[in-house]
Every structure is written in C-alpha cells, then in structure tokens.
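Participant: Contents of final-v6.txt (compact mmCIF, C-alpha atoms):
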```
# COMPACT_ATOMS: atom_id res chain seq x y z
CA MET A 1 26.62 -74.90 -13.79
CA ILE A 2 26.41 -71.62 -11.82
CA SER A 3 29.65 -69.72 -11.27
CA LEU A 4 30.07 -68.74 -7.62
CA PRO A 5 32.74 -66.47 -6.05
CA ALA A 6 35.06 -69.02 -4.40
CA GLU A 7 37.07 -66.41 -2.48
CA ARG A 8 33.95 -64.88 -0.93
CA MET A 9 32.66 -68.31 0.10
CA ASP A 10 36.02 -69.10 1.73
CA GLN A 11 35.88 -65.78 3.60
CA MET A 12 32.42 -66.61 4.93
CA LEU A 13 33.55 -70.03 6.15
CA ARG A 14 36.58 -68.50 7.88
CA ARG A 15 34.40 -65.85 9.51
CA PHE A 16 31.88 -68.46 10.66
CA ASP A 17 34.64 -70.56 12.25
CA TYR A 18 36.08 -67.44 13.93
CA VAL A 19 32.71 -66.37 15.37
CA GLU A 20 32.05 -69.92 16.61
CA ALA A 21 35.46 -70.02 18.31
CA GLN A 22 34.92 -66.62 19.96
CA MET A 23 31.54 -67.72 21.33
CA SER A 24 33.08 -70.84 22.87
CA GLN A 25 35.53 -68.69 24.85
CA GLY A 26 32.77 -67.25 27.05
CA PRO A 27 32.79 -63.52 26.20
CA ASP A 28 30.79 -60.93 28.15
CA ALA A 29 27.03 -60.86 27.64
CA GLU A 30 26.96 -57.89 25.23
CA THR A 31 29.69 -59.37 23.00
CA TYR A 32 28.04 -62.78 23.10
CA VAL A 33 24.72 -61.36 21.88
CA LYS A 34 26.47 -59.69 18.92
CA LEU A 35 28.40 -62.86 18.10
CA ALA A 36 25.26 -65.00 18.38
CA SER A 37 23.43 -62.72 15.94
CA GLU A 38 26.25 -62.98 13.39
CA TYR A 39 26.49 -66.73 13.97
CA ALA A 40 22.78 -67.13 13.16
CA GLU A 41 23.23 -65.11 9.93
CA LEU A 42 26.24 -67.16 8.79
CA GLN A 43 25.08 -70.61 9.89
CA GLU A 44 22.79 -71.39 6.94
CA ILE A 45 25.11 -70.29 4.14
CA SER A 46 28.13 -71.92 5.81
CA GLY A 47 26.26 -75.21 5.97
CA LYS A 48 25.30 -74.92 2.28
CA ILE A 49 28.88 -74.08 1.25
CA ARG A 50 30.27 -77.08 3.13
CA ALA A 51 27.59 -79.31 1.60
CA LEU A 52 28.58 -78.02 -1.86
CA GLN A 53 32.26 -78.71 -1.15
CA SER A 54 31.36 -82.25 -0.09
CA ALA A 55 29.21 -82.86 -3.19
CA THR A 56 31.91 -81.42 -5.47
CA ALA A 57 34.51 -83.75 -3.91
CA GLU A 58 32.11 -86.67 -4.39
CA ARG A 59 31.71 -85.72 -8.06
CA ALA A 60 35.51 -85.70 -8.49
CA ASP A 61 35.71 -89.17 -6.94
CA LEU A 62 33.11 -90.38 -9.44
CA ASP A 63 35.30 -89.06 -12.27
CA VAL A 64 38.12 -91.23 -10.97
CA MET A 65 35.77 -94.23 -10.84
CA LEU A 66 34.78 -93.66 -14.48
CA ALA A 67 38.35 -94.52 -15.49
CA GLU A 68 38.07 -97.94 -13.82
CA PRO A 69 36.15 -100.44 -16.01
CA GLU A 70 34.74 -102.40 -13.07
CA MET A 71 33.44 -99.20 -11.38
CA ARG A 72 32.28 -97.30 -14.45
CA ALA A 73 28.65 -98.48 -14.42
CA LEU A 74 28.27 -97.65 -10.71
CA ALA A 75 29.75 -94.18 -11.22
CA GLU A 76 27.52 -93.45 -14.21
CA ALA A 77 24.47 -94.38 -12.11
CA ASP A 78 25.46 -92.04 -9.27
CA ILE A 79 26.55 -89.00 -11.31
CA PRO A 80 23.07 -87.57 -12.17
CA ALA A 81 21.98 -87.42 -8.52
CA VAL A 82 25.26 -85.82 -7.39
CA GLU A 83 25.15 -83.23 -10.19
CA ALA A 84 21.55 -82.39 -9.35
CA ARG A 85 22.55 -81.88 -5.72
CA ILE A 86 25.44 -79.62 -6.75
CA GLU A 87 23.17 -77.56 -9.01
CA ALA A 88 20.54 -77.14 -6.27
CA LEU A 89 23.15 -76.10 -3.70
CA GLN A 90 24.71 -73.61 -6.12
CA ALA A 91 21.31 -72.00 -6.73
CA GLU A 92 20.61 -71.76 -2.99
CA ILE A 93 24.03 -70.26 -2.26
CA GLN A 94 23.64 -67.78 -5.10
CA ILE A 95 20.45 -66.48 -3.44
CA LEU A 96 22.10 -66.34 -0.02
CA LEU A 97 25.01 -64.33 -1.45
CA LEU A 98 22.74 -61.62 -2.89
CA PRO A 99 23.21 -58.11 -1.48
CA ARG A 100 20.97 -57.69 1.53
CA ASP A 101 18.86 -54.75 2.57
CA ALA A 102 20.59 -53.38 5.66
CA ALA A 103 17.17 -52.90 7.27
CA ASP A 104 16.06 -56.53 6.82
CA ALA A 105 17.12 -57.56 10.32
CA LYS A 106 15.32 -54.66 11.98
CA ASN A 107 12.05 -54.67 13.86
CA ALA A 108 9.19 -52.83 12.18
CA ILE A 109 6.55 -50.23 12.89
CA LEU A 110 3.25 -51.27 11.34
CA GLU A 111 0.75 -48.52 10.52
CA ILE A 112 -2.70 -49.32 9.14
CA ARG A 113 -5.23 -46.62 8.21
CA ALA A 114 -8.77 -46.87 6.91
CA GLY A 115 -9.09 -45.50 3.39
CA THR A 116 -12.11 -45.12 1.13
CA GLY A 117 -15.24 -46.92 2.27
CA GLY A 118 -16.30 -45.34 5.56
CA ASP A 119 -17.16 -47.75 8.38
CA GLU A 120 -16.38 -50.79 6.22
CA ALA A 121 -12.85 -49.48 5.57
CA ALA A 122 -12.25 -49.16 9.31
CA ILE A 123 -13.54 -52.70 9.88
CA PHE A 124 -11.22 -53.96 7.14
CA ALA A 125 -8.28 -52.11 8.72
CA GLY A 126 -9.03 -54.06 11.91
CA ASP A 127 -9.17 -57.31 9.92
CA LEU A 128 -5.76 -56.58 8.41
CA PHE A 129 -4.25 -55.83 11.80
CA ARG A 130 -5.55 -59.14 13.18
CA MET A 131 -4.18 -60.92 10.08
CA TYR A 132 -0.69 -59.55 10.71
CA GLU A 133 -1.01 -60.17 14.44
CA ARG A 134 -1.80 -63.86 13.83
CA TYR A 135 1.07 -64.20 11.37
CA ALA A 136 3.44 -62.58 13.87
CA SER A 137 2.27 -64.98 16.58
CA GLY A 138 3.08 -67.94 14.35
CA GLN A 139 6.58 -66.52 13.75
CA GLY A 140 7.22 -66.03 17.45
CA TRP A 141 7.30 -62.25 17.03
CA ARG A 142 6.02 -59.74 19.62
CA VAL A 143 3.38 -57.18 18.66
CA GLU A 144 2.97 -54.13 20.89
CA LEU A 145 0.22 -51.59 20.35
CA VAL A 146 1.47 -48.01 20.09
CA SER A 147 -1.79 -46.19 19.42
CA ALA A 148 -5.26 -46.85 18.03
CA SER A 149 -8.23 -44.80 16.92
CA GLU A 150 -11.30 -47.02 16.80
CA GLY A 151 -13.90 -46.87 14.05
CA ASP A 152 -17.51 -45.96 14.84
CA ALA A 153 -18.76 -49.41 13.74
CA GLY A 154 -15.70 -51.40 14.80
CA GLY A 155 -12.19 -51.82 13.50
CA TYR A 156 -9.82 -48.88 13.40
CA LYS A 157 -9.55 -45.55 11.66
CA GLU A 158 -5.83 -45.85 12.43
CA ILE A 159 -3.73 -48.35 14.35
CA ILE A 160 0.02 -48.33 14.93
CA ALA A 161 2.06 -51.15 16.48
CA THR A 162 5.66 -52.28 16.79
CA VAL A 163 6.55 -55.79 15.62
CA SER A 164 9.70 -57.26 17.15
CA GLY A 165 11.55 -60.47 16.34
CA ARG A 166 14.00 -62.07 13.97
CA GLY A 167 13.74 -60.98 10.34
CA VAL A 168 10.56 -58.93 10.85
CA PHE A 169 11.21 -56.20 8.29
CA SER A 170 12.52 -58.64 5.67
CA LYS A 171 9.11 -60.36 5.65
CA LEU A 172 6.76 -57.41 6.16
CA LYS A 173 8.48 -54.77 3.99
CA PHE A 174 6.52 -55.70 0.85
CA GLU A 175 3.18 -55.00 2.58
CA SER A 176 3.28 -51.21 2.19
CA GLY A 177 0.56 -49.96 -0.11
CA VAL A 178 -3.21 -49.94 -0.61
CA HIS A 179 -5.07 -53.13 0.29
CA ARG A 180 -8.53 -53.34 -1.30
CA VAL A 181 -11.43 -55.45 -0.06
CA GLN A 182 -14.53 -56.52 -1.99
CA ARG A 183 -17.35 -57.94 0.15
CA VAL A 184 -20.88 -57.43 1.43
CA PRO A 185 -20.63 -55.31 4.61
CA ALA A 186 -22.48 -56.57 7.67
CA THR A 187 -24.40 -53.29 7.65
CA GLU A 188 -25.56 -53.75 4.03
CA ALA A 189 -29.17 -54.91 4.02
CA SER A 190 -29.49 -55.32 0.23
CA GLY A 191 -26.53 -57.68 -0.08
CA ARG A 192 -24.59 -55.44 -2.47
CA ILE A 193 -20.83 -55.95 -2.72
CA HIS A 194 -18.85 -52.90 -1.62
CA THR A 195 -15.24 -52.02 -2.40
CA SER A 196 -13.25 -50.45 0.43
CA ALA A 197 -9.59 -49.92 1.11
CA ALA A 198 -7.01 -49.56 3.85
CA THR A 199 -3.45 -48.28 3.63
CA VAL A 200 -0.58 -50.23 5.18
CA ALA A 201 2.85 -48.74 5.92
CA VAL A 202 5.70 -50.88 7.24
CA LEU A 203 8.69 -48.88 8.46
CA PRO A 204 12.00 -50.29 9.71
CA GLU A 205 12.42 -49.36 13.35
CA ALA A 206 15.32 -46.92 13.56
CA GLU A 207 17.79 -46.60 16.41
CA GLU A 208 19.37 -43.32 17.43
CA ILE A 209 22.53 -44.47 15.67
CA ASP A 210 20.55 -44.78 12.40
CA ILE A 211 19.04 -41.33 12.38
CA GLU A 212 20.08 -38.19 14.24
CA ILE A 213 17.33 -35.83 15.36
CA ARG A 214 18.64 -32.50 16.58
CA ASN A 215 16.76 -30.79 19.41
CA GLU A 216 16.58 -27.56 17.40
CA ASP A 217 14.83 -29.42 14.56
CA ILE A 218 11.80 -30.48 16.58
CA ARG A 219 8.95 -28.70 18.33
CA ILE A 220 7.16 -30.54 21.13
CA ASP A 221 3.65 -29.50 22.17
CA THR A 222 1.55 -30.98 24.95
CA MET A 223 -2.22 -31.11 24.72
CA ARG A 224 -5.13 -32.37 26.73
CA ALA A 225 -6.00 -35.93 25.77
CA SER A 226 -9.63 -36.60 24.94
CA GLY A 227 -11.34 -39.82 25.86
CA ALA A 228 -14.63 -41.62 26.38
CA GLY A 229 -15.41 -40.23 29.81
CA GLY A 230 -14.04 -40.76 33.31
CA GLN A 231 -12.68 -38.44 35.95
CA HIS A 232 -9.21 -38.09 34.42
CA VAL A 233 -10.35 -37.10 30.93
CA ASN A 234 -9.30 -33.56 29.89
CA THR A 235 -7.70 -32.91 33.29
CA THR A 236 -4.04 -33.49 32.36
CA ASP A 237 -1.90 -32.35 29.45
CA SER A 238 -0.75 -35.86 28.55
CA ALA A 239 -0.99 -35.89 24.74
CA VAL A 240 2.23 -35.12 22.90
CA ARG A 241 2.66 -33.70 19.40
CA ILE A 242 6.16 -33.64 17.91
CA THR A 243 6.79 -31.66 14.74
CA HIS A 244 9.99 -32.25 12.79
CA ILE A 245 10.50 -28.78 11.32
CA PRO A 246 12.82 -29.59 8.35
CA SER A 247 10.59 -32.37 6.96
CA GLY A 248 7.20 -31.21 8.23
CA ILE A 249 6.50 -34.68 9.69
CA VAL A 250 4.08 -34.53 12.64
CA VAL A 251 3.57 -37.35 15.14
CA VAL A 252 0.85 -37.29 17.82
CA GLN A 253 0.60 -39.66 20.76
CA ALA A 254 -2.36 -39.39 23.11
CA GLU A 255 -2.20 -42.20 25.67
CA LYS A 256 -2.33 -41.61 29.45
CA SER A 257 1.39 -41.23 30.18
CA GLN A 258 3.05 -38.09 28.82
CA HIS A 259 6.51 -39.61 29.30
CA GLN A 260 5.53 -42.74 27.37
CA ASN A 261 3.81 -40.63 24.70
CA ARG A 262 6.99 -38.64 24.11
CA ALA A 263 9.12 -41.80 23.85
CA ARG A 264 6.64 -43.46 21.47
CA ALA A 265 6.33 -40.34 19.33
CA MET A 266 10.11 -40.07 19.00
CA GLN A 267 10.25 -43.77 18.07
CA ILE A 268 7.73 -43.26 15.26
CA LEU A 269 9.37 -40.02 14.12
CA ARG A 270 12.75 -41.75 13.87
CA ALA A 271 11.22 -44.57 11.82
CA ARG A 272 9.47 -42.17 9.42
CA LEU A 273 12.62 -40.10 8.89
CA PHE A 274 14.68 -43.26 8.37
CA ASP A 275 12.11 -44.52 5.87
CA ALA A 276 12.18 -41.18 4.05
CA GLU A 277 15.97 -41.36 3.78
CA ARG A 278 15.79 -44.92 2.44
CA SER A 279 13.16 -43.91 -0.13
CA LYS A 280 15.24 -40.93 -1.24
CA ALA A 281 18.30 -43.13 -1.67
CA ALA A 282 16.26 -45.65 -3.68
CA ASP A 283 14.93 -42.87 -5.92
CA GLU A 284 18.47 -41.73 -6.60
CA ARG A 285 19.55 -45.23 -7.56
CA SER A 286 17.56 -46.09 -10.67
CA GLU A 287 18.73 -49.70 -10.51
CA ALA A 288 17.43 -50.11 -6.98
CA ARG A 289 14.13 -48.49 -7.95
CA ARG A 290 13.75 -50.94 -10.85
CA LEU A 291 14.22 -53.88 -8.50
CA GLN A 292 11.48 -53.03 -6.04
CA VAL A 293 8.36 -55.18 -5.95
CA GLY A 294 6.09 -52.36 -7.00
CA SER A 295 7.19 -48.86 -6.19
CA GLY A 296 6.50 -49.15 -2.47
CA ASP A 297 4.30 -46.08 -2.91
CA ARG A 298 1.54 -46.18 -0.33
CA SER A 299 -0.91 -44.88 -2.93
CA GLU A 300 -0.35 -47.99 -5.06
CA ARG A 301 -2.97 -50.74 -4.94
CA ILE A 302 -0.98 -53.87 -4.19
CA ARG A 303 -3.54 -56.49 -3.19
CA THR A 304 -7.25 -57.28 -3.47
CA TYR A 305 -9.18 -59.45 -1.02
CA ASN A 306 -12.35 -60.71 -2.74
CA PHE A 307 -14.62 -62.38 -0.17
CA PRO A 308 -17.46 -63.57 -2.47
CA GLN A 309 -14.95 -65.56 -4.53
CA GLY A 310 -12.69 -66.47 -1.61
CA ARG A 311 -9.60 -65.20 -3.40
CA VAL A 312 -6.71 -62.87 -2.72
CA THR A 313 -4.70 -61.35 -5.59
CA ASP A 314 -1.33 -59.65 -5.35
CA HIS A 315 -1.25 -57.36 -8.37
CA ARG A 316 2.53 -56.81 -8.37
CA ILE A 317 3.36 -60.44 -9.16
CA ASN A 318 0.01 -61.52 -10.67
CA LEU A 319 -0.50 -64.14 -7.99
CA THR A 320 -4.03 -65.26 -7.07
CA LEU A 321 -4.71 -67.67 -4.20
CA TYR A 322 -8.11 -69.20 -3.49
CA LYS A 323 -7.63 -69.47 0.26
CA LEU A 324 -8.75 -66.08 1.51
CA ASP A 325 -10.10 -67.51 4.76
CA ARG A 326 -6.68 -68.92 5.64
CA VAL A 327 -4.88 -65.73 4.57
CA MET A 328 -7.08 -63.66 6.90
CA GLU A 329 -6.15 -66.10 9.68
CA GLY A 330 -2.49 -65.19 9.16
CA ASP A 331 -1.44 -67.87 6.65
CA LEU A 332 0.78 -65.49 4.66
CA ASP A 333 3.81 -67.66 3.92
CA GLU A 334 2.86 -68.44 0.32
CA LEU A 335 2.33 -64.76 -0.45
CA PHE A 336 5.51 -63.64 1.29
CA ASP A 337 7.63 -66.41 -0.27
CA ALA A 338 6.39 -65.50 -3.75
CA LEU A 339 7.14 -61.80 -3.22
CA ILE A 340 10.62 -62.53 -1.89
CA ALA A 341 11.34 -64.97 -4.76
CA ASP A 342 10.22 -62.38 -7.31
CA HIS A 343 12.45 -59.74 -5.72
CA GLN A 344 15.43 -62.13 -5.69
CA SER A 345 14.88 -63.08 -9.34
CA ALA A 346 14.85 -59.41 -10.34
CA LEU A 347 18.03 -58.83 -8.35
CA LEU A 348 19.77 -61.81 -10.00
CA LEU A 349 18.77 -60.53 -13.43
CA SER A 350 20.11 -57.06 -12.67
CA LEU A 351 23.43 -58.46 -11.46
CA GLY A 352 23.62 -60.56 -14.62
CA ASP A 353 22.94 -57.48 -16.77
CA GLY A 354 25.62 -55.56 -14.91
```
Kindly transcribe the structure held in the file into structure tokens.
Facilitator:
Amino acid sequence: MISLPAERMDQMLRRFDYVEAQMSQGPDAETYVKLASEYAELQEISGKIRALQSATAERADLDVMLAEPEMRALAEADIPAVEARIEALQAEIQILLLPRDAADAKNAILEIRAGTGGDEAAIFAGDLFRMYERYASGQGWRVELVSASEGDAGGYKEIIATVSGRGVFSKLKFESGVHRVQRVPATEASGRIHTSAATVAVLPEAEEIDIEIRNEDIRIDTMRASGAGGQHVNTTDSAVRITHIPSGIVVVQAEKSQHQNRARAMQILRARLFDAERSKAADERSEARRLQVGSGDRSERIRTYNFPQGRVTDHRINLTLYKLDRVMEGDLDELFDALIADHQSALLLSLGDG
C-alpha cells in the first residue's frame, strides 16, 4: 500500500469545501473567476480523496464481516476488488499531489523556425505549426498568430503564435527542441529521402507581475516595414525592434500597426526573459535538472518524423508510434501522455530517494 500524507489531503478537502462555499455566496466577478480557477484545480483530487475515504471505510466494514462466520465468504469475495480500488486511487492521488510547475497553468508562446534543409525545412516548419494548431483546436484552445516569415517554397522560415486555454503550457512544454523529418521532398525528382529539421520553442506566457522590465533596460527602435508590394509598403515606420540591454535579447515585430507591434514585442520579450530565469533556476537546482525530460535545450534532437515508414519516434523516452499520419493531423495525446508519465515517474523516484 502507498503511504499518503493524511494531513495534506484533509487540508485540500477543507480548502475545496471553503472555495465551493465562497462561490455559492455570489462574489464579484473578479473574485469569482479566481475562485472558479482554484475550484477546477481542486475538484479532481478532492473527488479522488473522497473516493479513497469511501473505499477505505468499505474495507474496514469487510474486516468486521470477516469475524462473522455467516458473512465471511461474502467478505472474502469482495476484498480483492476493494483493495484493488484503494491501490488505484492511492496511485492516482500520489500523482496529483506531486509538486507542480508554477508555469503549467499559463498560456504559451509557440515559436517554430526552419533549421537545416532549406525549402524542405521551411515546409516542415509549416507542417509542425498545423499539427499543433489542430491539436489546440481539439483541446478548445485559441491560437493567435503573432508573426510569420514565409518560406520561398511554402511553409515558414519562422512563425510565432500565442496559444491560450486551460493547461496549455503543461501539455506543450516538452515540445521544445529539434524536430527532424525524413521524407522525399515534393521538389525532389529522383525520389531520394532528405533529412531536414525545424526548431520548436515553447515559452510560458509571462505577465508583468512575473517579470519586471525596466524602461532603462530596453532600447526601442522603429523601422520601415518591408512587404510584397502595395502603396503602403516602406511609407511608414511601423516595424518595432526592442533590445533588452542586460540580456542582449532582441525582438522584432513588423506587422502594419506600430502600436500592436510594440505590445506584441514586449509580450515575447517578457516570455523569453521569464523562460531564461526558469532555465537558470533549473540549472542551479541539480535535482530539477535531472528530472527534466531531456535537457530542454533547443539544440537537442527530441523527435524524428519518418514518412517512408509512417513512424514518429521520441528519442527522450524511446517511444515509437506507427501512426505518423494521425500525429501530423494533431493526434498528440499518446505522445504527450507518455512524456508526462515519464516526467512524473522520475519525480516520484527523486522524492523516494530524498
């Protein structure tokens, strides 16, 4: 049997009941939204804890029945199923009680860039973006394009988007790294298989409260935006380049509205600085570094998409799936679930070692 912290479980039940009671009293809209968010976080584990309490009480009743000769056979028949239910609930609660990444509940900024492979790499970057877009749609998330630089033969040299919804970063955070594709490009007349790559970065969207950017630490330059023709091209200084002097991070936004460009650039800058702080903290905590699925380094090859064989392989957990067509259509649950399970197993082991 798994040993669970009874006091902590009791605290969570009391907090859940308190939040539920506060919501029923009709608080103002802002307070209600905060309460509803906490309620959603506590609802699953509270239900599991109450189910465990019920199953444990049922097991105690069966012990009483064992002492009664006429009920003993019935109790012995029921005990295995009740104990199996208790064991399953304990395992589920143990996972739910694991320390959570504070950024898991945040929205994300998704950045995809073509790597080695020329035009084919840009096309693959576009394929990856559509894959994530379809997955997001299935999750009920909202994807908003921030900026895009199209490839000469299709796809994107670079594309940046925000992804908003419940639990976005907790699902997408393991996607950062190099994604490699092996296939015959449409432009390849001889039918030779090419290997190309695209780099994915998933950053937790940071609020002003998460990261402070001082005015004296940034330099903002405006430039003339270039485009594909039209009377407004090169006539207004709409592009914005923000340089964060202490870190050297540079963000450029070149859409039509200078005001929107500045807001978007600051949004991306905040996310990159927040991500840099998180990475630095992880580096300083050797235990946390050991627990990561891969290093999270964007130079690390994390996954290969092999089209001739119809397979996708995640190299960090040695998982190969022969359903590449479905994966490219956004069927990512099996991959994501395996990555999350691997991360949780490593975390459980580390807590056991400690």
Participant: Considering all atoms listed in the file, can you say which of A:Val143, A:Met131, A:Ile317, A:Ala75 comes closest to Leu332 in chain A?
Facilitator: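 Smallest separation from Leu332 in chain A among the options: A:Met131.
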Participant: Determine, counting only C-alpha atoms, which protein, DNA and RNA residues have an atom within 6 Å of an atom of range 178-189 of chain A; residues of the same chain fewer than 6 positions away are not included. Present the result as an MDAnalysis selection string.
Facilitator: chainID A and resid 195:199 300:307
Participant: Counting all atoms listed in the file, which of A:Tyr135, A:Phe274, A:Tyr32, A:Phe16 gets nearest to Ile109 in chain A?
Facilitator: A:Phe274
Participant: Pick the closest to Asp342 in chain A from A:Leu42, A:Leu66, A:Ile95, A:Val200: which is it, counting all atoms listed in the file?
Facilitator: A:Ile95
Participant: Using CA of Asp104 in chain A and CA of Phe169 in chain A as the two end points, give the distance in Å to one decimal.
Facilitator: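 Result for CA of Asp104 in chain A versus CA of Phe169 in chain A: 5.1 Å, one decimal.
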Participant: Could you check which of A:Ile249, A:Leu172, A:Arg272, A:Ile45 is closest to Leu335 in chain A, using all atoms listed in the file?
Facilitator: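 Ranked by minimum distance to Leu335 in chain A, first place goes to A:Leu172.
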Participant: With all atoms listed in the file as the counted atoms, please give the residues lying no more than 12 Å from Ala36 in chain A, apart from itself and same-chain residues fewer than 2 positions off, as a list in words.
Facilitator: Phe16, Tyr18, Val19, Glu20, Ala21, Gln22, Met23, Ser24, Gly26, Pro27, Asp28, Ala29, Glu30, Thr31, Tyr32, Val33, Lys34, Glu38, Tyr39, Ala40, Glu41, Leu42 and Gln43 of chain A
Participant: Would you save the residues of that selection, restricted to C-alpha atoms, as a CSV table (one decimal), in the coordinates of the input?
Facilitator:
```
chain,number,residue,atom,x,y,z
A,16,PHE,CA,31.9,-68.5,10.7
A,18,TYR,CA,36.1,-67.4,13.9
A,19,VAL,CA,32.7,-66.4,15.4
A,20,GLU,CA,32.0,-69.9,16.6
A,21,ALA,CA,35.5,-70.0,18.3
A,22,GLN,CA,34.9,-66.6,20.0
A,23,MET,CA,31.5,-67.7,21.3
A,24,SER,CA,33.1,-70.8,22.9
A,26,GLY,CA,32.8,-67.2,27.0
A,27,PRO,CA,32.8,-63.5,26.2
A,28,ASP,CA,30.8,-60.9,28.2
A,29,ALA,CA,27.0,-60.9,27.6
A,30,GLU,CA,27.0,-57.9,25.2
A,31,THR,CA,29.7,-59.4,23.0
A,32,TYR,CA,28.0,-62.8,23.1
A,33,VAL,CA,24.7,-61.4,21.9
A,34,LYS,CA,26.5,-59.7,18.9
A,38,GLU,CA,26.2,-63.0,13.4
A,39,TYR,CA,26.5,-66.7,14.0
A,40,ALA,CA,22.8,-67.1,13.2
A,41,GLU,CA,23.2,-65.1,9.9
A,42,LEU,CA,26.2,-67.2,8.8
A,43,GLN,CA,25.1,-70.6,9.9
```
Participant: Hey, what's within 12 Å of Arg214 in chain A if we count only C-alpha atoms and toss same-chain stuff fewer than 4 positions away? As a VMD selection string, please?
Facilitator: chain A and resid 208 218 to 219 244 to 246 266 270
Participant: With all atoms listed in the file as the basis for distance, which of A:Glu150, A:Glu111, A:Asp119, A:Glu133 is at the shortest distance from Pro204 in chain A?
Facilitator: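 That would be A:Glu111, the residue with the smallest distance to Pro204 in chain A.
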Participant: What does the distance between CA of Arg278 in chain A and CA of Ala121 in chain A come to in Å, to one decimal place?
Facilitator: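 Computing it gives 29.2 Å between the two atoms.
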Participant: So that I can check the surroundings of Ile160 in chain A, please list as an mmCIF file with C-alpha atoms, in the coordinates of the input every protein, DNA and RNA residue that reaches within 8 Å of it, counting only C-alpha atoms and ignoring chain neighbours fewer than 6 positions away.
Facilitator:
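Dumped everything to selection-v8.cif:
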```cif
data_model
loop_
_atom_site.group_PDB
_atom_site.id
_atom_site.type_symbol
_atom_site.label_atom_id
_atom_site.label_comp_id
_atom_site.auth_asym_id
_atom_site.auth_seq_id
_atom_site.Cartn_x
_atom_site.Cartn_y
_atom_site.Cartn_z
ATOM 1 C CA ILE A 109 6.550 -50.230 12.890
ATOM 2 C CA LEU A 110 3.250 -51.270 11.340
ATOM 3 C CA GLU A 111 0.750 -48.520 10.520
ATOM 4 C CA ILE A 112 -2.700 -49.320 9.140
ATOM 5 C CA LEU A 145 0.220 -51.590 20.350
ATOM 6 C CA VAL A 146 1.470 -48.010 20.090
ATOM 7 C CA SER A 147 -1.790 -46.190 19.420
ATOM 8 C CA ALA A 148 -5.260 -46.850 18.030
#
```
Participant: Calculated over only C-alpha atoms, which of the candidates A:Val312, A:Ala206, A:Asn261, A:Gly165 has the smallest distance to Asp331 in chain A?
Facilitator: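 That would be A:Val312, the residue with the smallest distance to Asp331 in chain A.
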